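> The following block contains the structure, expressed as structure tokens.
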Amino acid sequence: MRKIVLFILITGFIHNVAFPQSKVTAKKTGDKIEITINGNLFTNYIISEHEKYPFFFPVNGPSNASVTSMRNANYPHHSSLFFGCDRVNGGNYWQEGLERGQIISLRADIIETGNEKAVIENECIWRRPGADAPIKDKRIITISAPSKGKFQIDFDVTMEMLMDVAIDKTNHSLFSGRIDPDLAVINGGTMINAEGETGEKATFGKRSPWIDCHGKRQGKTEGMAILQHPSNDWYPAPWFTRDYGFFSPTPMYWPENDKNTTLKKGEVIKLRYRVLVHSGDHIEAGIAGEFEKYKSETNVPM
């Protein structure tokens, strides 16, 4: 009996040594919040008043290289990992040009830091010159590291309509990621949804709980998955996908009337997304199993 107890204690000790608890810290520096995991930069949450909207960049994978990319000449409105929307009551809260509309951070508070997760609370207002603000939102951002080869961002947003809102049919809407070119399909990477469909042609417009993008660079495979929580409105939203590396669950491109999405003053929309940045492909990272775990999490932190 003593040998069995000793074996259990030794096994538990080895397990704790092999899989130490990660330390996740958040620190506000100027117009960004810097998030580190075990002392290494994971991401910056950028909240500058000179930007179109708050966004994450870089989003570093286990290799310490970013799995997302920033804007380029052809797509200057793709800012790594972000949340926005075009064609909202005549305003544009997605593409370049602050005068067309801007999502402005009113406050960003670090609620928790220094332990196994960091939690940020961010309130934003959607504004443009010469018009009343149509939407305000509150974001709860929780960052953790489930394992050595997997980092996690939970992005939970509550949108309140400050007036009647009409969002004309647009492919530019809500939570979106721009994968690094080295990991994109056009450079040998893989884009795959929960149903096992791959590439732009097969995934475009398809409803699916999640999509994972991964590829190989410098001999290592890593990528990023976006998961939609089943509690979301429009779940599972169809995906707007591009083989050059863009993917977004985008309900506003497929409205029921094929014209627009309308929301009443005072209406509240709650959306939850989980981002998994991982080493290996979607199978090695266990994305399907991660989604099963995610959909069982019913406690909404908003």
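Simple scheme: letters A, B, ... for chains in structure tokens order, numbers from 1 for residues in each chain, numbers from 1 for ligands in the order shown.
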If you count only C-alpha atoms, which residues fall within 7 Å of Ile140 (chain A), apart from same-chain ones fewer than 3 positions away, as a list in words?
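In the requested form, the answer reads Ile120, Glu121, Asn122, Phe155, Asp156, Val157 and Met302 of chain A.
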> Got time to write the residues from that selection, C-alpha atoms, as a PDB file, in the first residue's frame?

```pdb
ATOM      1  CA  ILE A 120      -8.854  42.903 -19.367  1.00  0.00           C
ATOM      2  CA  GLU A 121     -12.103  44.845 -19.345  1.00  0.00           C
ATOM      3  CA  ASN A 122     -12.479  47.289 -22.240  1.00  0.00           C
ATOM      4  CA  PHE A 155     -12.924  37.519 -26.514  1.00  0.00           C
ATOM      5  CA  ASP A 156     -16.400  38.145 -25.075  1.00  0.00           C
ATOM      6  CA  VAL A 157     -18.205  41.248 -26.301  1.00  0.00           C
ATOM      7  CA  MET A 302     -20.011  39.712 -19.259  1.00  0.00           C
TER       8      MET A 302
END
```
> Give me the residues near Trp239 (chain A) as an mmCIF file with N, CA and C atoms, in the first residue's frame, where near means some atom within 9 Å (using only C-alpha atoms) and where sequence neighbours in that chain fewer than 2 positions away do not count.

```
data_model
loop_
_atom_site.group_PDB
_atom_site.id
_atom_site.type_symbol
_atom_site.label_atom_id
_atom_site.label_comp_id
_atom_site.auth_asym_id
_atom_site.auth_seq_id
_atom_site.Cartn_x
_atom_site.Cartn_y
_atom_site.Cartn_z
ATOM 1 N N THR A 203 -14.865 26.259 -47.805
ATOM 2 C CA THR A 203 -15.281 26.821 -46.520
ATOM 3 C C THR A 203 -16.064 28.115 -46.644
ATOM 4 N N PHE A 204 -15.948 28.800 -47.792
ATOM 5 C CA PHE A 204 -16.590 30.104 -47.962
ATOM 6 C C PHE A 204 -18.114 29.972 -47.879
ATOM 7 N N GLY A 205 -18.716 30.749 -46.979
ATOM 8 C CA GLY A 205 -20.165 30.760 -46.833
ATOM 9 C C GLY A 205 -20.734 29.586 -46.065
ATOM 10 N N LYS A 206 -19.879 28.693 -45.595
ATOM 11 C CA LYS A 206 -20.340 27.517 -44.865
ATOM 12 C C LYS A 206 -20.469 27.842 -43.371
ATOM 13 N N ARG A 207 -21.531 27.323 -42.776
ATOM 14 C CA ARG A 207 -21.698 27.448 -41.332
ATOM 15 C C ARG A 207 -20.875 26.364 -40.647
ATOM 16 N N SER A 208 -20.068 26.766 -39.694
ATOM 17 C CA SER A 208 -19.221 25.816 -38.985
ATOM 18 C C SER A 208 -18.829 26.398 -37.628
ATOM 19 N N ILE A 211 -12.876 27.327 -37.410
ATOM 20 C CA ILE A 211 -11.914 27.152 -38.499
ATOM 21 C C ILE A 211 -10.514 27.288 -37.922
ATOM 22 N N PRO A 236 -24.267 28.638 -35.922
ATOM 23 C CA PRO A 236 -22.890 29.041 -36.253
ATOM 24 C C PRO A 236 -22.912 29.962 -37.469
ATOM 25 N N ALA A 237 -22.317 31.116 -37.329
ATOM 26 C CA ALA A 237 -22.290 32.069 -38.438
ATOM 27 C C ALA A 237 -21.473 31.502 -39.594
ATOM 28 N N THR A 241 -13.933 33.459 -46.029
ATOM 29 C CA THR A 241 -12.570 32.927 -46.016
ATOM 30 C C THR A 241 -11.827 33.286 -47.298
ATOM 31 N N PHE A 247 -9.858 34.997 -42.368
ATOM 32 C CA PHE A 247 -11.033 34.206 -42.013
ATOM 33 C C PHE A 247 -11.826 34.888 -40.900
ATOM 34 N N SER A 248 -13.164 34.831 -41.068
ATOM 35 C CA SER A 248 -14.053 35.539 -40.158
ATOM 36 C C SER A 248 -15.443 34.938 -40.186
ATOM 37 N N PRO A 249 -16.035 34.640 -39.030
ATOM 38 C CA PRO A 249 -17.445 34.261 -38.995
ATOM 39 C C PRO A 249 -18.291 35.528 -39.181
ATOM 40 N N THR A 250 -18.934 35.633 -40.317
ATOM 41 C CA THR A 250 -19.452 36.917 -40.800
ATOM 42 C C THR A 250 -20.947 36.841 -41.121
ATOM 43 N N PRO A 251 -21.838 36.920 -40.150
ATOM 44 C CA PRO A 251 -23.273 36.796 -40.423
ATOM 45 C C PRO A 251 -23.840 37.903 -41.296
#
```
> Taking into account only C-alpha atoms, which residue in the set A:Cys124, A:Ala145, A:Leu183, A:Leu98 is nearest to Asn40 (chain A)?
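Among the listed residues, the smallest separation from Asn40 (chain A) belongs to A:Ala145.
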> Name the residues in contact with Met70 (chain A) at a cut-off of 9 Å, using only C-alpha atoms, excluding same-chain residues fewer than 2 positions from it; report them as a PyMOL selection string.
chain A and resi 57-58+68+72+76-81+178-180
> Can you pull out the residues contacting Val24 (chain A)? Cut-off 7 Å, using only C-alpha atoms, and skip same-chain residues under 5 positions away; I want them as a compact mmCIF listing (two decimals) with C-alpha atoms, in the first residue's frame.

```txt
# COMPACT_ATOMS: atom_id res chain seq x y z
CA THR A 36 3.37 38.05 -21.58
CA ILE A 37 3.32 34.31 -20.90
CA ASN A 38 6.14 33.11 -18.66
CA THR A 113 -2.71 39.60 -13.88
CA GLY A 114 0.25 37.57 -12.70
CA ASN A 115 -1.34 34.16 -12.24
CA GLU A 116 -2.65 31.53 -14.67
CA LYS A 117 -4.61 34.13 -16.64
CA ALA A 118 -4.83 37.82 -17.39
CA SER A 144 -4.33 31.95 -20.67
```
> What are the DSSP strand (DSSP E) residues of region 41-257 of chain A, as number ranges by chain?
A: 41-46, 55-59, 81-88, 91-93, 102-112, 117-127, 135-147, 150-161, 165-168, 173-178, 190-193, 210-217, 220-228, 239-242, 246-249
> Can you write just those residues out, C-alpha atoms, as an mmCIF file, in the first residue's frame?

```cif
data_model
loop_
_atom_site.group_PDB
_atom_site.id
_atom_site.type_symbol
_atom_site.label_atom_id
_atom_site.label_comp_id
_atom_site.auth_asym_id
_atom_site.auth_seq_id
_atom_site.Cartn_x
_atom_site.Cartn_y
_atom_site.Cartn_z
ATOM 1 C CA LEU A 41 5.617 38.485 -25.242
ATOM 2 C CA PHE A 42 2.419 36.826 -26.439
ATOM 3 C CA THR A 43 0.446 39.794 -27.743
ATOM 4 C CA ASN A 44 -0.245 43.493 -27.476
ATOM 5 C CA TYR A 45 -3.819 44.748 -27.242
ATOM 6 C CA ILE A 46 -3.509 48.086 -29.025
ATOM 7 C CA PHE A 55 -6.728 45.046 -32.099
ATOM 8 C CA PHE A 56 -4.150 42.411 -31.151
ATOM 9 C CA PHE A 57 -0.647 42.430 -32.653
ATOM 10 C CA PRO A 58 1.578 40.546 -32.727
ATOM 11 C CA VAL A 59 -0.058 37.244 -31.763
ATOM 12 C CA LEU A 81 -6.850 39.999 -34.972
ATOM 13 C CA PHE A 82 -9.696 42.471 -34.511
ATOM 14 C CA PHE A 83 -13.412 43.258 -34.114
ATOM 15 C CA GLY A 84 -15.296 45.799 -36.218
ATOM 16 C CA CYS A 85 -18.039 46.281 -38.801
ATOM 17 C CA ASP A 86 -18.683 48.156 -42.049
ATOM 18 C CA ARG A 87 -21.916 49.779 -43.312
ATOM 19 C CA VAL A 88 -23.389 50.571 -39.876
ATOM 20 C CA GLY A 91 -20.634 54.571 -41.150
ATOM 21 C CA ASN A 92 -17.611 52.358 -41.663
ATOM 22 C CA TYR A 93 -16.053 50.860 -38.532
ATOM 23 C CA GLN A 102 -13.966 54.668 -35.469
ATOM 24 C CA ILE A 103 -14.285 52.313 -32.501
ATOM 25 C CA ILE A 104 -12.722 54.247 -29.643
ATOM 26 C CA SER A 105 -11.564 52.720 -26.372
ATOM 27 C CA LEU A 106 -13.072 54.677 -23.477
ATOM 28 C CA ARG A 107 -11.355 52.678 -20.774
ATOM 29 C CA ALA A 108 -9.253 49.532 -20.567
ATOM 30 C CA ASP A 109 -8.747 48.085 -17.093
ATOM 31 C CA ILE A 110 -6.564 45.166 -16.109
ATOM 32 C CA ILE A 111 -8.762 43.095 -13.801
ATOM 33 C CA GLU A 112 -6.396 40.195 -13.197
ATOM 34 C CA LYS A 117 -4.612 34.128 -16.644
ATOM 35 C CA ALA A 118 -4.830 37.825 -17.392
ATOM 36 C CA VAL A 119 -8.207 39.560 -17.668
ATOM 37 C CA ILE A 120 -8.854 42.903 -19.367
ATOM 38 C CA GLU A 121 -12.103 44.845 -19.345
ATOM 39 C CA ASN A 122 -12.479 47.289 -22.240
ATOM 40 C CA GLU A 123 -15.354 49.678 -22.994
ATOM 41 C CA CYS A 124 -15.650 51.178 -26.482
ATOM 42 C CA ILE A 125 -17.874 53.651 -28.333
ATOM 43 C CA TRP A 126 -18.562 53.586 -32.080
ATOM 44 C CA ARG A 127 -18.291 57.171 -33.400
ATOM 45 C CA ILE A 135 -23.265 51.304 -30.693
ATOM 46 C CA LYS A 136 -21.265 50.969 -27.528
ATOM 47 C CA ASP A 137 -19.603 47.736 -26.502
ATOM 48 C CA LYS A 138 -17.944 46.122 -23.532
ATOM 49 C CA ARG A 139 -15.251 43.478 -23.968
ATOM 50 C CA ILE A 140 -13.930 40.966 -21.496
ATOM 51 C CA ILE A 141 -10.617 39.588 -22.751
ATOM 52 C CA THR A 142 -9.157 36.592 -20.938
ATOM 53 C CA ILE A 143 -5.740 35.253 -21.871
ATOM 54 C CA SER A 144 -4.329 31.954 -20.669
ATOM 55 C CA ALA A 145 -1.946 29.168 -21.658
ATOM 56 C CA PRO A 146 -3.581 25.728 -21.389
ATOM 57 C CA SER A 147 -0.288 24.022 -22.288
ATOM 58 C CA LYS A 150 -1.182 26.281 -26.822
ATOM 59 C CA PHE A 151 -2.145 29.854 -25.950
ATOM 60 C CA GLN A 152 -5.716 31.080 -25.603
ATOM 61 C CA ILE A 153 -7.626 34.352 -26.019
ATOM 62 C CA ASP A 154 -11.264 34.491 -24.943
ATOM 63 C CA PHE A 155 -12.924 37.519 -26.514
ATOM 64 C CA ASP A 156 -16.400 38.145 -25.075
ATOM 65 C CA VAL A 157 -18.205 41.248 -26.301
ATOM 66 C CA THR A 158 -21.554 42.811 -25.415
ATOM 67 C CA MET A 159 -22.878 45.292 -27.986
ATOM 68 C CA GLU A 160 -25.653 47.709 -27.006
ATOM 69 C CA MET A 161 -27.618 49.529 -29.702
ATOM 70 C CA VAL A 165 -29.241 50.192 -36.298
ATOM 71 C CA ALA A 166 -29.180 48.915 -39.874
ATOM 72 C CA ILE A 167 -26.109 47.046 -41.087
ATOM 73 C CA ASP A 168 -26.240 46.746 -44.854
ATOM 74 C CA SER A 173 -18.144 42.345 -39.982
ATOM 75 C CA LEU A 174 -17.313 41.294 -36.446
ATOM 76 C CA PHE A 175 -14.433 39.094 -35.253
ATOM 77 C CA SER A 176 -11.681 38.464 -37.800
ATOM 78 C CA GLY A 177 -8.159 37.137 -38.171
ATOM 79 C CA ARG A 178 -5.456 37.653 -40.795
ATOM 80 C CA THR A 190 -4.087 24.547 -44.469
ATOM 81 C CA MET A 191 -7.441 26.152 -43.706
ATOM 82 C CA ILE A 192 -9.906 23.620 -42.315
ATOM 83 C CA ASN A 193 -13.324 23.805 -40.668
ATOM 84 C CA TRP A 210 -14.664 26.720 -35.958
ATOM 85 C CA ILE A 211 -11.914 27.152 -38.499
ATOM 86 C CA ASP A 212 -8.221 26.476 -38.013
ATOM 87 C CA CYS A 213 -5.395 27.866 -40.159
ATOM 88 C CA HIS A 214 -1.943 26.339 -39.840
ATOM 89 C CA GLY A 215 1.235 25.915 -41.843
ATOM 90 C CA LYS A 216 4.928 25.178 -41.626
ATOM 91 C CA ARG A 217 7.742 27.692 -41.359
ATOM 92 C CA LYS A 220 7.824 23.954 -37.425
ATOM 93 C CA THR A 221 4.054 23.714 -37.839
ATOM 94 C CA GLU A 222 1.833 26.147 -35.951
ATOM 95 C CA GLY A 223 -1.378 28.065 -36.460
ATOM 96 C CA MET A 224 -4.469 29.725 -35.074
ATOM 97 C CA ALA A 225 -8.092 28.666 -34.685
ATOM 98 C CA ILE A 226 -11.179 30.817 -34.118
ATOM 99 C CA LEU A 227 -14.079 29.150 -32.295
ATOM 100 C CA GLN A 228 -17.648 30.471 -32.050
ATOM 101 C CA TRP A 239 -17.453 32.080 -42.701
ATOM 102 C CA PHE A 240 -15.867 34.557 -45.052
ATOM 103 C CA THR A 241 -12.570 32.927 -46.016
ATOM 104 C CA ARG A 242 -9.667 33.693 -48.300
ATOM 105 C CA PHE A 246 -8.225 35.893 -43.945
ATOM 106 C CA PHE A 247 -11.033 34.206 -42.013
ATOM 107 C CA SER A 248 -14.053 35.539 -40.158
ATOM 108 C CA PRO A 249 -17.445 34.261 -38.995
#
```
> Between A:Leu276, A:Phe291, A:Trp234, A:Gly149, which has the minimum distance to Ser63 (chain A) (counting only C-alpha atoms)?
A:Gly149
> Give the answer as one residue: which of A:Pro54, A:Ser279, A:Lys23, A:Leu271 has the shortest atom-to-atom distance to Ile35 (chain A), using only C-alpha atoms?
A:Lys23
> Find the residue from A:Asn260, A:Ser296, A:Asn60, A:Thr25 that sits nearest to Asn171 (chain A); use only C-alpha atoms when measuring.
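Residue with the minimum atom-to-atom distance to Asn171 (chain A): A:Asn260.
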> Report, in Å to a single decimal, how far apart CA of Ser66 (chain A) and CA of Val277 (chain A) are.
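Interatomic distance here is 9.6 Å.
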> So which one's closest to Glu267 (chain A), A:Ala131, A:Ile47, A:Val67, A:Leu162? Using only C-alpha atoms, please.
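Nearest to Glu267 (chain A): A:Leu162.
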> To one decimal place in Å, what is the distance between CA of Gly245 (chain A) and CA of Glu197 (chain A)?
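CA of Glu197 (chain A) lies 15.7 Å from CA of Gly245 (chain A).
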> When you draw a straight line from CA of Thr298 (chain A) to CA of Val275 (chain A), how long is it in Å?
17.0 Å
> Hey, which of A:Asn257, A:Asn89, A:Asn299, A:Ser231 ends up closest to Pro209 (chain A)? Count only C-alpha atoms.
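Between A:Asn257, A:Asn89, A:Asn299, A:Ser231, the residue approaching Pro209 (chain A) most closely is A:Ser231.
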